[in-house]
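Structure file data-v3.cif (mmCIF, C-alpha atoms) follows.
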```cif
data_entry
#
loop_
_atom_site.label_atom_id
_atom_site.label_comp_id
_atom_site.auth_asym_id
_atom_site.auth_seq_id
_atom_site.Cartn_x
_atom_site.Cartn_y
_atom_site.Cartn_z
CA MET A 422 57.30 99.50 82.04
CA LYS A 423 60.97 98.64 81.53
CA LYS A 424 61.97 102.29 81.32
CA ARG A 425 61.03 103.03 84.91
CA PRO A 426 64.02 101.31 86.61
CA GLN A 427 66.42 103.27 84.36
CA LEU A 428 64.55 106.49 85.06
CA LYS A 429 64.74 105.82 88.79
CA LYS A 430 68.51 105.27 88.55
CA ILE A 431 68.98 108.54 86.66
CA ILE A 432 66.88 110.42 89.24
CA LEU A 433 68.89 108.81 92.05
CA LEU A 434 72.24 109.80 90.50
CA VAL A 435 71.11 113.37 89.84
CA SER A 436 69.74 113.61 93.39
CA LEU A 437 73.02 112.38 94.89
CA LEU A 438 75.07 114.87 92.87
CA SER A 439 72.64 117.68 93.76
CA LEU A 440 72.97 116.76 97.44
CA VAL A 441 76.77 116.96 97.19
CA ILE A 442 76.56 120.39 95.57
CA ILE A 443 74.07 121.67 98.16
CA LEU A 444 76.11 120.38 101.10
CA ALA A 445 79.32 121.78 99.64
CA GLY A 446 77.66 125.12 98.95
CA CYS A 447 76.78 125.46 102.64
CA SER A 448 80.45 125.44 103.66
CA ASN A 449 82.72 128.46 104.10
CA LEU A 450 85.55 128.17 101.58
CA ASN A 451 87.67 130.74 103.43
CA ALA A 452 87.56 128.99 106.83
CA PRO A 453 90.35 126.48 107.62
CA ILE A 454 89.12 122.93 108.08
CA THR A 455 89.71 121.32 111.47
CA SER A 456 88.30 118.45 113.56
CA LYS A 457 85.99 120.98 115.25
CA THR A 458 84.57 122.49 112.05
CA PRO A 459 80.76 122.05 112.12
CA GLY A 460 78.52 120.98 109.28
CA PHE A 461 78.02 117.56 107.68
CA TRP A 462 80.08 118.28 104.53
CA ASP A 463 82.91 119.98 106.41
CA HIS A 464 83.10 117.65 109.40
CA TYR A 465 82.35 114.25 107.84
CA ILE A 466 83.66 114.69 104.28
CA LEU A 467 86.30 117.42 104.00
CA TYR A 468 88.05 116.93 107.34
CA PRO A 469 88.59 113.16 106.80
CA PHE A 470 90.00 113.94 103.33
CA SER A 471 92.33 116.56 104.80
CA TRP A 472 93.34 114.35 107.73
CA PHE A 473 93.98 111.31 105.52
CA ILE A 474 96.18 113.20 103.04
CA LEU A 475 98.16 114.82 105.88
CA LYS A 476 98.56 111.39 107.49
CA ILE A 477 99.91 109.94 104.25
CA ALA A 478 102.26 112.91 103.92
CA SER A 479 103.62 112.26 107.42
CA PHE A 480 104.88 108.88 106.18
CA LEU A 481 106.41 110.46 103.07
CA GLY A 482 108.60 113.13 104.66
CA ASN A 483 105.76 115.69 104.63
CA SER A 484 105.65 115.61 100.83
CA TYR A 485 102.08 116.72 100.17
CA GLY A 486 102.40 116.17 96.43
CA TRP A 487 103.37 112.53 96.88
CA ALA A 488 100.58 112.21 99.46
CA ILE A 489 98.06 113.29 96.79
CA VAL A 490 99.59 110.77 94.36
CA VAL A 491 99.16 107.96 96.91
CA PHE A 492 95.66 109.20 97.80
CA THR A 493 94.68 109.12 94.12
CA ILE A 494 95.97 105.57 93.69
CA ILE A 495 94.03 104.46 96.79
CA VAL A 496 90.83 106.01 95.38
CA ARG A 497 91.39 104.26 92.03
CA ILE A 498 91.99 100.92 93.73
CA ILE A 499 88.74 101.33 95.69
CA LEU A 500 86.91 102.09 92.43
CA LEU A 501 88.68 99.30 90.52
CA PRO A 502 85.82 96.74 90.73
CA LEU A 503 83.30 99.36 89.58
CA ASN A 504 85.55 100.47 86.70
CA HIS A 505 86.13 96.87 85.65
CA PHE A 506 82.38 96.16 85.68
CA SER A 507 81.76 99.37 83.73
CA THR A 508 84.33 98.35 81.09
CA LYS A 509 82.74 94.91 80.69
CA ASN A 510 79.37 96.61 80.31
CA MET A 511 80.75 98.91 77.59
CA GLN A 512 82.24 95.92 75.75
CA LYS A 513 78.85 94.18 75.77
CA GLN A 514 77.18 97.37 74.56
CA SER A 515 79.76 97.73 71.78
CA ALA A 516 79.24 94.09 70.74
CA ILE A 517 75.50 94.61 70.15
CA GLN A 518 75.94 97.86 68.19
CA PRO A 519 75.29 96.17 64.80
CA GLU A 520 72.02 94.76 66.15
CA LEU A 521 71.02 98.14 67.60
CA GLN A 522 71.78 99.79 64.24
CA ALA A 523 69.68 97.16 62.48
CA LEU A 524 66.77 97.99 64.81
CA GLN A 525 67.19 101.70 64.07
CA LYS A 526 66.96 100.98 60.33
CA LYS A 527 63.98 98.68 60.83
CA TYR A 528 62.10 101.25 62.90
CA SER A 529 63.29 104.39 61.13
CA ALA A 530 59.88 106.07 60.96
CA LYS A 531 59.59 109.10 63.25
CA ASP A 532 56.01 108.59 64.43
CA ALA A 533 55.47 108.08 68.17
CA GLU A 534 54.34 104.46 67.89
CA THR A 535 57.38 103.36 65.86
CA GLN A 536 59.79 105.20 68.13
CA GLN A 537 58.16 103.59 71.17
CA THR A 538 58.62 100.16 69.56
CA LEU A 539 62.25 101.01 68.80
CA ARG A 540 62.87 101.92 72.45
CA GLN A 541 61.21 98.75 73.66
CA GLU A 542 63.13 96.51 71.25
CA SER A 543 66.42 98.25 72.04
CA GLN A 544 65.78 97.90 75.78
CA LYS A 545 64.92 94.22 75.31
CA LEU A 546 68.13 93.62 73.33
CA MET A 547 70.28 95.39 75.96
CA SER A 548 68.52 93.50 78.76
CA GLU A 549 69.19 90.15 77.08
CA ALA A 550 72.84 91.12 76.53
CA GLY A 551 73.20 92.24 80.16
CA VAL A 552 73.88 95.87 79.23
CA ASN A 553 73.18 98.71 81.65
CA PRO A 554 73.35 102.07 79.77
CA LEU A 555 74.15 103.98 82.97
CA MET A 556 77.26 101.98 83.86
CA GLY A 557 79.40 103.74 81.26
CA CYS A 558 79.29 107.11 83.05
CA LEU A 559 78.84 105.88 86.63
CA PRO A 560 82.58 105.70 87.55
CA MET A 561 83.09 109.28 86.37
CA LEU A 562 80.03 110.49 88.27
CA ILE A 563 81.29 108.83 91.44
CA GLN A 564 84.72 110.45 91.03
CA LEU A 565 83.28 113.96 90.76
CA PRO A 566 82.49 114.27 94.50
CA PHE A 567 86.02 112.96 95.26
CA MET A 568 87.57 115.68 93.07
CA TYR A 569 85.36 118.41 94.49
CA ALA A 570 86.05 117.33 98.06
CA LEU A 571 89.78 117.10 97.29
CA TYR A 572 89.78 120.64 95.91
CA GLN A 573 88.04 122.07 98.98
CA ALA A 574 90.17 120.02 101.38
CA ILE A 575 93.35 121.37 99.75
CA TRP A 576 92.11 124.95 99.67
CA ARG A 577 91.03 124.88 103.31
CA THR A 578 94.09 123.05 104.65
CA THR A 579 96.98 125.50 104.98
CA GLU A 580 99.69 122.83 104.68
CA LEU A 581 98.21 121.49 101.46
CA ARG A 582 97.40 124.85 99.90
CA GLN A 583 100.89 126.22 100.56
CA GLY A 584 102.64 122.90 99.93
CA THR A 585 104.91 122.48 96.92
CA PHE A 586 105.54 119.56 94.60
CA LEU A 587 108.18 119.61 91.87
CA TRP A 588 107.83 123.10 90.32
CA MET A 589 104.26 123.75 91.54
CA GLN A 590 102.46 125.21 94.51
CA LEU A 591 99.61 122.78 95.08
CA GLY A 592 96.96 125.44 95.77
CA GLU A 593 97.82 127.43 92.62
CA LYS A 594 97.64 126.61 88.93
CA ASP A 595 100.67 125.09 87.21
CA PRO A 596 102.64 128.11 85.91
CA TYR A 597 103.94 126.10 82.94
CA TYR A 598 100.68 124.20 82.23
CA ILE A 599 102.64 120.94 82.10
CA MET A 600 100.20 119.08 84.36
CA ALA A 601 97.20 120.28 82.36
CA ILE A 602 98.79 119.02 79.14
CA LEU A 603 99.73 115.69 80.75
CA ALA A 604 96.16 115.34 82.04
CA GLY A 605 94.89 115.74 78.47
CA ILE A 606 97.47 113.31 77.06
CA PHE A 607 96.68 110.57 79.58
CA THR A 608 92.94 111.12 79.08
CA PHE A 609 93.45 110.60 75.34
CA LEU A 610 95.58 107.48 75.90
CA ALA A 611 93.04 106.04 78.34
CA THR A 612 90.20 106.52 75.85
CA TYR A 613 92.27 105.35 72.87
CA ILE A 614 93.39 102.03 74.34
CA SER A 615 89.92 101.46 75.78
CA ASN A 616 88.45 101.84 72.27
CA LEU A 617 90.96 99.28 70.96
CA SER A 618 89.37 96.60 73.10
CA MET A 619 85.85 97.42 71.93
CA PRO A 620 84.39 95.33 69.08
CA GLN A 621 82.51 98.37 67.74
CA SER A 622 83.69 101.70 69.16
CA GLY A 623 81.66 103.60 66.57
CA ALA A 624 81.67 107.30 65.75
CA SER A 625 80.68 108.29 69.31
CA GLY A 626 83.74 106.49 70.70
CA LYS A 627 86.02 108.35 68.29
CA VAL A 628 84.40 111.68 69.14
CA MET A 629 84.87 111.05 72.87
CA MET A 630 88.50 110.13 72.25
CA TYR A 631 89.19 113.69 71.05
CA VAL A 632 86.59 115.64 73.05
CA MET A 633 87.36 114.21 76.51
CA PRO A 634 91.02 115.40 76.56
CA LEU A 635 89.85 118.93 75.73
CA MET A 636 87.19 118.76 78.47
CA ILE A 637 89.94 117.89 80.95
CA THR A 638 92.78 120.10 79.63
CA ILE A 639 90.91 123.40 79.27
CA PRO A 640 89.59 123.57 82.89
CA ALA A 641 92.91 122.18 84.18
CA LEU A 642 94.79 125.20 82.80
CA ASN A 643 93.42 127.38 85.61
CA MET A 644 92.80 124.81 88.36
CA ALA A 645 94.88 124.13 91.44
CA SER A 646 97.91 121.98 90.61
CA ALA A 647 96.76 119.40 93.14
CA ILE A 648 93.60 118.73 91.10
CA THR A 649 95.49 118.44 87.80
CA LEU A 650 97.93 116.12 89.59
CA TYR A 651 94.93 114.00 90.63
CA TRP A 652 93.72 113.87 87.00
CA VAL A 653 97.16 112.93 85.67
CA ILE A 654 97.67 110.07 88.15
CA SER A 655 94.05 108.92 87.85
CA ASN A 656 94.18 108.67 84.05
CA ALA A 657 97.68 107.15 84.10
CA PHE A 658 96.26 104.51 86.45
CA GLN A 659 93.38 103.98 83.99
CA VAL A 660 95.88 103.39 81.15
CA VAL A 661 97.80 100.77 83.16
CA GLN A 662 94.55 99.18 84.37
CA THR A 663 93.26 98.82 80.79
CA LEU A 664 96.55 97.38 79.53
CA ILE A 665 96.66 94.78 82.30
CA LEU A 666 93.00 93.79 82.63
CA GLN A 667 91.85 94.09 79.01
CA ASN A 668 95.05 93.66 76.97
CA PRO A 669 93.46 95.71 74.14
CA PHE A 670 96.19 95.02 71.57
CA LYS A 671 95.73 91.27 71.97
CA ALA A 672 91.94 91.70 71.86
CA ARG A 673 92.24 93.70 68.64
CA ARG A 674 94.50 91.08 67.02
CA GLU A 675 92.08 88.30 67.96
CA ARG A 676 89.13 90.32 66.63
CA GLU A 677 90.93 91.05 63.34
CA ALA A 678 91.88 87.36 63.01
CA LYS A 679 88.23 86.34 63.49
CA GLU A 680 87.09 88.92 60.93
CA ALA A 681 89.70 87.69 58.44
CA GLU A 682 88.58 84.09 59.04
CA LYS A 683 84.97 85.13 58.48
CA ARG A 684 85.89 86.86 55.20
CA GLU A 685 87.76 83.77 54.02
CA LYS A 686 84.75 81.57 54.78
CA GLU A 687 82.49 83.95 52.86
CA LYS A 688 84.89 83.90 49.88
CA ALA A 689 85.03 80.11 49.98
CA LEU A 690 81.23 79.97 50.07
CA ARG A 691 80.94 82.32 47.09
CA ARG A 692 83.46 80.23 45.12
CA ALA A 693 81.53 77.06 45.96
CA ARG A 694 78.29 78.67 44.77
CA LYS A 695 79.94 79.74 41.50
CA ARG A 696 81.24 76.22 40.89
CA ALA A 697 77.80 74.78 41.62
CA TYR A 698 76.20 77.30 39.23
CA ARG A 699 78.64 76.39 36.43
CA ARG A 700 77.87 72.68 36.80
CA HIS A 701 74.20 73.38 36.25
#
```
Representation of the structure as structure tokens:
Amino acid sequence: MKKRPQLKKIILLVSLLSLVIILAGCSNLNAPITSKTPGFWDHYILYPFSWFILKIASFLGNSYGWAIVVFTIIVRIILLPLNHFSTKNMQKQSAIQPELQALQKKYSAKDAETQQTLRQESQKLMSEAGVNPLMGCLPMLIQLPFMYALYQAIWRTTELRQGTFLWMQLGEKDPYYIMAILAGIFTFLATYISNLSMPQSGASGKVMMYVMPLMITIPALNMASAITLYWVISNAFQVVQTLILQNPFKARREREAKEAEKREKEKALRRARKRAYRRH
């Protein structure tokens, strides 16, 4: 019974993403976007993106690159509460990893009944700890429509597509791949410092730390510079956000101090038991 709410959330997320893809697929990528362009995706999604970025640029000396930087920061600020909640959720999930692993060992049999019990017990443990398994990927899923809309808005807005920033033309890939490499580096840093604040990052956390940068860097090599610029600023923002809100280095020191204190107590207890044994 407890699996149904999670299933409903997954179906809802997949449905929303599918709707975005369908609406976007109905648009004409070669037609310039204007206030009179018909269609829900074009008129109510892409045009406001285009208009907003151009409006920002008008305050920045028509620098479309800096306008995208500011736009990215605004998006990240809007998503800040969701990202913060997601991080807290991941910390809770990391904290109960030893208990989840203990359940996996307890119910290690592969028969259907045992596996069903394992799922129920795991769900009960996560529920009691206030863990929502979907919250870890939700911020990324929400950002995907932003990135896709940004790409189309840039491609269909002449000023943005032909605009330049530093050494790049925003509608073309970075000729030196510098932005793609920076996107990978900041993705790695964001994941690395996030793992520092987790009590139990586990093998999956370490794998993600090395896989995620590749998943960002490889596509970024051939994407429009404006999108790679969005990724760089977005992940740089994530690094700063984690350092300020989570202070992972302090959290790690405190965690190591507690573990050292726990080890000392265990040693003292063992010594006390040995002394008691010798007396008898």
Using all atoms listed in the file, which residues sit within 7 Å of Tyr572 (chain A) once same-chain residues fewer than 4 positions away are excluded, as a short mmCIF file (atom, residue, chain, number, x, y, z; two decimals) with C-alpha atoms, in the coordinates of the input?
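The file below, selection-v9.cif, is the result:
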```
data_model
loop_
_atom_site.label_atom_id
_atom_site.label_comp_id
_atom_site.auth_asym_id
_atom_site.auth_seq_id
_atom_site.Cartn_x
_atom_site.Cartn_y
_atom_site.Cartn_z
CA MET A 568 87.57 115.68 93.07
CA TRP A 576 92.11 124.95 99.67
CA ILE A 648 93.60 118.73 91.10
#
```
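Take CA of Leu617 (chain A) and CA of Leu500 (chain A): the distance between them is 22.0 Å.
Closest approach to Asn668 (chain A) among A:Ala689, A:Val490, A:Leu565, A:Ile614 is made by A:Ile614 (distances from all atoms listed in the file).
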Using all atoms of region 606-617 of chain A listed in the file and a margin of 5 Å per side, can you give the axis-aligned box centre and edge lengths in Å to one decimal, as AutoDock Vina command-line options?
```
--center_x 93.0 --center_y 106.3 --center_z 75.3 --size_x 19.0 --size_y 24.0 --size_z 18.6
```
Q) What is the CA of Lys509 (chain A) to CA of Ile495 (chain A) distance in Å? A) 21.9 Å
**Q.** Residue contacts of Met633 (chain A) (10 Å, all atoms listed in the file) excluding same-chain residues fewer than 6 positions away, as a count of residues only
**A.** 4
(Q) Can you translate the PyMOL selection byres ((chain A and resi 541) around 12) into the concrete residues it hits in this file, as a ChimeraX atom specification? (A) /A:422-424,521,524-525,528,534-540,542-548
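Atom to atom, CA of Ala657 (chain A) and CA of Leu591 (chain A) stand 19.2 Å apart.
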Q | Counting only C-alpha atoms, the residue of A:Thr455, A:Asn483, A:Asn510, A:Gln573 that sits nearest Tyr468 (chain A) | A | A:Thr455
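Running the PyMOL selection byres ((chain A and resi 489) around 8) on this file leaves Ile474, Tyr485, Gly486, Trp487, Ala488, Val490, Val491, Phe492, Thr493, Ala647, Leu650 and Tyr651 of chain A selected.
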